[in-house]
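Structure file model.cif; described as mmCIF, C-alpha atoms.
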data_structure
#
loop_
_atom_site.label_atom_id
_atom_site.label_comp_id
_atom_site.auth_asym_id
_atom_site.auth_seq_id
_atom_site.Cartn_x
_atom_site.Cartn_y
_atom_site.Cartn_z
CA MET A 1 -48.09 -35.61 59.74
CA ALA A 2 -51.60 -35.25 58.33
CA SER A 3 -54.37 -36.87 60.29
CA SER A 4 -56.42 -39.71 58.85
CA GLY A 5 -59.52 -37.51 58.94
CA MET A 6 -57.81 -34.77 56.95
CA ILE A 7 -56.65 -37.24 54.30
CA LYS A 8 -60.18 -38.66 53.97
CA PHE A 9 -61.59 -35.14 53.71
CA THR A 10 -59.11 -34.28 50.95
CA VAL A 11 -59.94 -37.47 49.04
CA VAL A 12 -63.69 -36.80 49.27
CA LEU A 13 -63.19 -33.18 48.18
CA THR A 14 -61.11 -34.29 45.20
CA CYS A 15 -63.75 -36.85 44.20
CA LEU A 16 -66.48 -34.21 44.39
CA ALA A 17 -64.44 -31.86 42.21
CA VAL A 18 -63.99 -34.58 39.59
CA ILE A 19 -67.70 -35.44 39.65
CA ALA A 20 -68.66 -31.77 39.37
CA SER A 21 -66.37 -31.23 36.39
CA HIS A 22 -67.98 -34.16 34.57
CA ALA A 23 -71.50 -33.02 35.48
CA GLU A 24 -70.68 -29.59 34.04
CA ALA A 25 -70.20 -31.15 30.61
CA ALA A 26 -73.61 -32.74 30.69
CA VAL A 27 -75.36 -30.71 28.02
CA SER A 28 -77.68 -33.05 26.13
CA CYS A 29 -78.61 -33.02 22.47
CA THR A 30 -82.23 -33.31 23.51
CA GLY A 31 -81.94 -30.15 25.60
CA VAL A 32 -80.15 -28.21 22.86
CA LEU A 33 -82.52 -29.36 20.13
CA ASN A 34 -85.60 -28.63 22.26
CA SER A 35 -84.23 -25.14 22.86
CA VAL A 36 -83.85 -24.41 19.14
CA ALA A 37 -87.07 -26.14 18.03
CA PRO A 38 -89.03 -22.83 18.04
CA CYS A 39 -86.57 -21.56 15.39
CA ILE A 40 -87.54 -24.20 12.81
CA VAL A 41 -90.27 -22.09 11.18
CA TYR A 42 -87.86 -19.16 10.80
CA LEU A 43 -85.15 -21.43 9.39
CA ASN A 44 -87.52 -23.25 7.03
CA GLY A 45 -88.43 -19.80 5.70
CA GLY A 46 -84.79 -19.26 4.77
CA GLY A 47 -84.14 -16.86 7.64
CA ILE A 48 -86.41 -14.20 6.20
CA GLY A 49 -88.82 -12.28 8.35
CA PRO A 50 -89.03 -11.71 12.07
CA ILE A 51 -87.58 -14.23 14.49
CA PRO A 52 -90.25 -15.60 16.81
CA PRO A 53 -89.77 -14.56 20.47
CA THR A 54 -89.78 -18.24 21.44
CA CYS A 55 -86.81 -18.77 19.12
CA CYS A 56 -84.91 -15.99 20.90
CA ALA A 57 -85.78 -17.60 24.22
CA GLY A 58 -84.34 -20.84 22.85
CA ALA A 59 -81.16 -19.05 21.77
CA ARG A 60 -80.80 -17.66 25.31
CA SER A 61 -81.27 -21.18 26.65
CA VAL A 62 -78.48 -22.48 24.39
CA GLU A 63 -76.28 -19.64 25.63
CA LEU A 64 -76.88 -20.73 29.23
CA GLN A 65 -76.26 -24.39 28.37
CA THR A 66 -72.94 -23.65 26.62
CA ARG A 67 -70.91 -21.81 29.22
CA THR A 68 -68.05 -24.33 29.14
CA THR A 69 -65.87 -25.59 26.30
CA PRO A 70 -67.11 -29.20 26.59
CA ASN A 71 -70.73 -27.99 26.50
CA ARG A 72 -70.09 -25.73 23.49
CA GLN A 73 -68.46 -28.63 21.65
CA ALA A 74 -71.33 -30.96 22.59
CA ALA A 75 -73.93 -28.44 21.39
CA CYS A 76 -71.96 -28.03 18.16
CA ARG A 77 -72.02 -31.79 17.60
CA CYS A 78 -75.79 -31.76 18.13
CA LEU A 79 -76.52 -28.83 15.81
CA LYS A 80 -74.07 -29.34 12.96
CA PRO A 81 -75.76 -32.42 11.42
CA ILE A 82 -79.14 -30.69 11.09
CA LEU A 83 -77.98 -27.38 9.59
CA ASN A 84 -78.01 -28.52 5.98
CA SER A 85 -81.62 -29.64 6.27
CA PHE A 86 -82.72 -25.99 6.10
CA PRO A 87 -83.06 -24.02 2.82
CA ASN A 88 -80.48 -21.46 3.99
CA PRO A 89 -78.19 -23.13 6.55
CA SER A 90 -76.27 -19.90 7.14
CA ALA A 91 -79.46 -18.31 8.53
CA VAL A 92 -78.80 -20.21 11.76
CA SER A 93 -75.84 -17.94 12.48
CA THR A 94 -78.09 -14.85 12.31
CA ILE A 95 -80.39 -15.93 15.15
CA ALA A 96 -78.17 -15.16 18.14
CA PRO A 97 -77.16 -11.64 17.00
CA LYS A 98 -80.73 -10.75 15.98
CA CYS A 99 -81.94 -11.93 19.38
CA GLY A 100 -79.25 -10.02 21.27
CA VAL A 101 -77.69 -13.27 22.48
CA ASN A 102 -73.93 -13.52 22.75
CA LEU A 103 -72.99 -17.10 21.93
CA SER A 104 -69.28 -17.65 22.32
CA PHE A 105 -69.18 -19.66 19.10
CA LYS A 106 -70.71 -19.18 15.67
CA ILE A 107 -73.06 -21.87 14.41
CA THR A 108 -72.31 -22.64 10.77
CA PRO A 109 -72.43 -25.74 8.56
CA SER A 110 -68.65 -25.67 8.29
CA MET A 111 -67.87 -25.27 12.00
CA ASP A 112 -65.20 -27.52 13.48
CA CYS A 113 -66.64 -28.62 16.81
CA ALA A 114 -63.25 -29.75 18.14
CA ALA A 115 -61.82 -26.26 17.52
CA ILE A 116 -64.45 -24.51 19.64
CA HIS A 117 -63.08 -23.26 22.96
#

Since I need it in another form, could you write the structure as structure tokens?
Amino acid sequence: MASSGMIKFTVVLTCLAVIASHAEAAVSCTGVLNSVAPCIVYLNGGGIGPIPPTCCAGARSVELQTRTTPNRQAACRCLKPILNSFPNPSAVSTIAPKCGVNLSFKITPSMDCAAIH
């Protein structure tokens, strides 16, 4: 029979695992939007011209923030509403490749955030 100490240890370990899994999905819109803020000048220019190095740094930051499915979906929900405010919304999808960043999802005005995995 399992000892009382072992049962308590297992319960605590399980609780920590649950807490950690919820903390992992804690990407914030503020963090995502602050990361992409340096890209606004490029996007307001229709995606023409060089991408500022600070924009590429922001794209790398988004990549780091979106390593899990819940975080990718959360970032999608943050970014999708603002895409159509730029003259060429599809220019957003050119940033990651031009910066050498490998996002695991493509940012487009028509993206389905629930379908991102």

Checklist entry - Evaluating the PyMOL selection byres ((chain A and resi 67-72) around 12) on the displayed file yields which residues, as a PyMOL selection string? => result chain A and resi 21-29+31-32+60-66+73-80+102-107+111-117

Checklist entry - Of the residues A:Ser35, A:Asn84, A:Thr30, A:Thr94, which is the one nearest to Ile51 in chain A, using only C-alpha atoms? => result A:Thr94

Checklist outcome for this item: Taken to one decimal, the CA of Thr54 in chain A-CA of Ser85 in chain A distance is 20.7 Å

Next on the checklist: Rounded to one decimal, what separation in Å do you get between CA of Gly47 in chain A and CA of Pro81 in chain A?
Outcome noted: 18.1 Å

Checklist outcome for this item: Between CA of Ser110 in chain A and CA of Ala57 in chain A lies a distance of 24.7 Å

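Of the listed residues A:Ala37, A:Val101, A:Ala59, A:Leu43, the one whose atoms come nearest to Phe86 in chain A is A:Leu43, with distances taken using all atoms listed in the file.
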
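Distances here use all atoms listed in the file; by that measure, the residue among A:Pro38, A:Pro87, A:Gly49, A:Gly58 closest to Cys99 in chain A is A:Gly58.
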
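Closest approach to Cys39 in chain A among A:Leu83, A:Cys55, A:Ala91, A:Ala96: A:Cys55, based on all atoms listed in the file.
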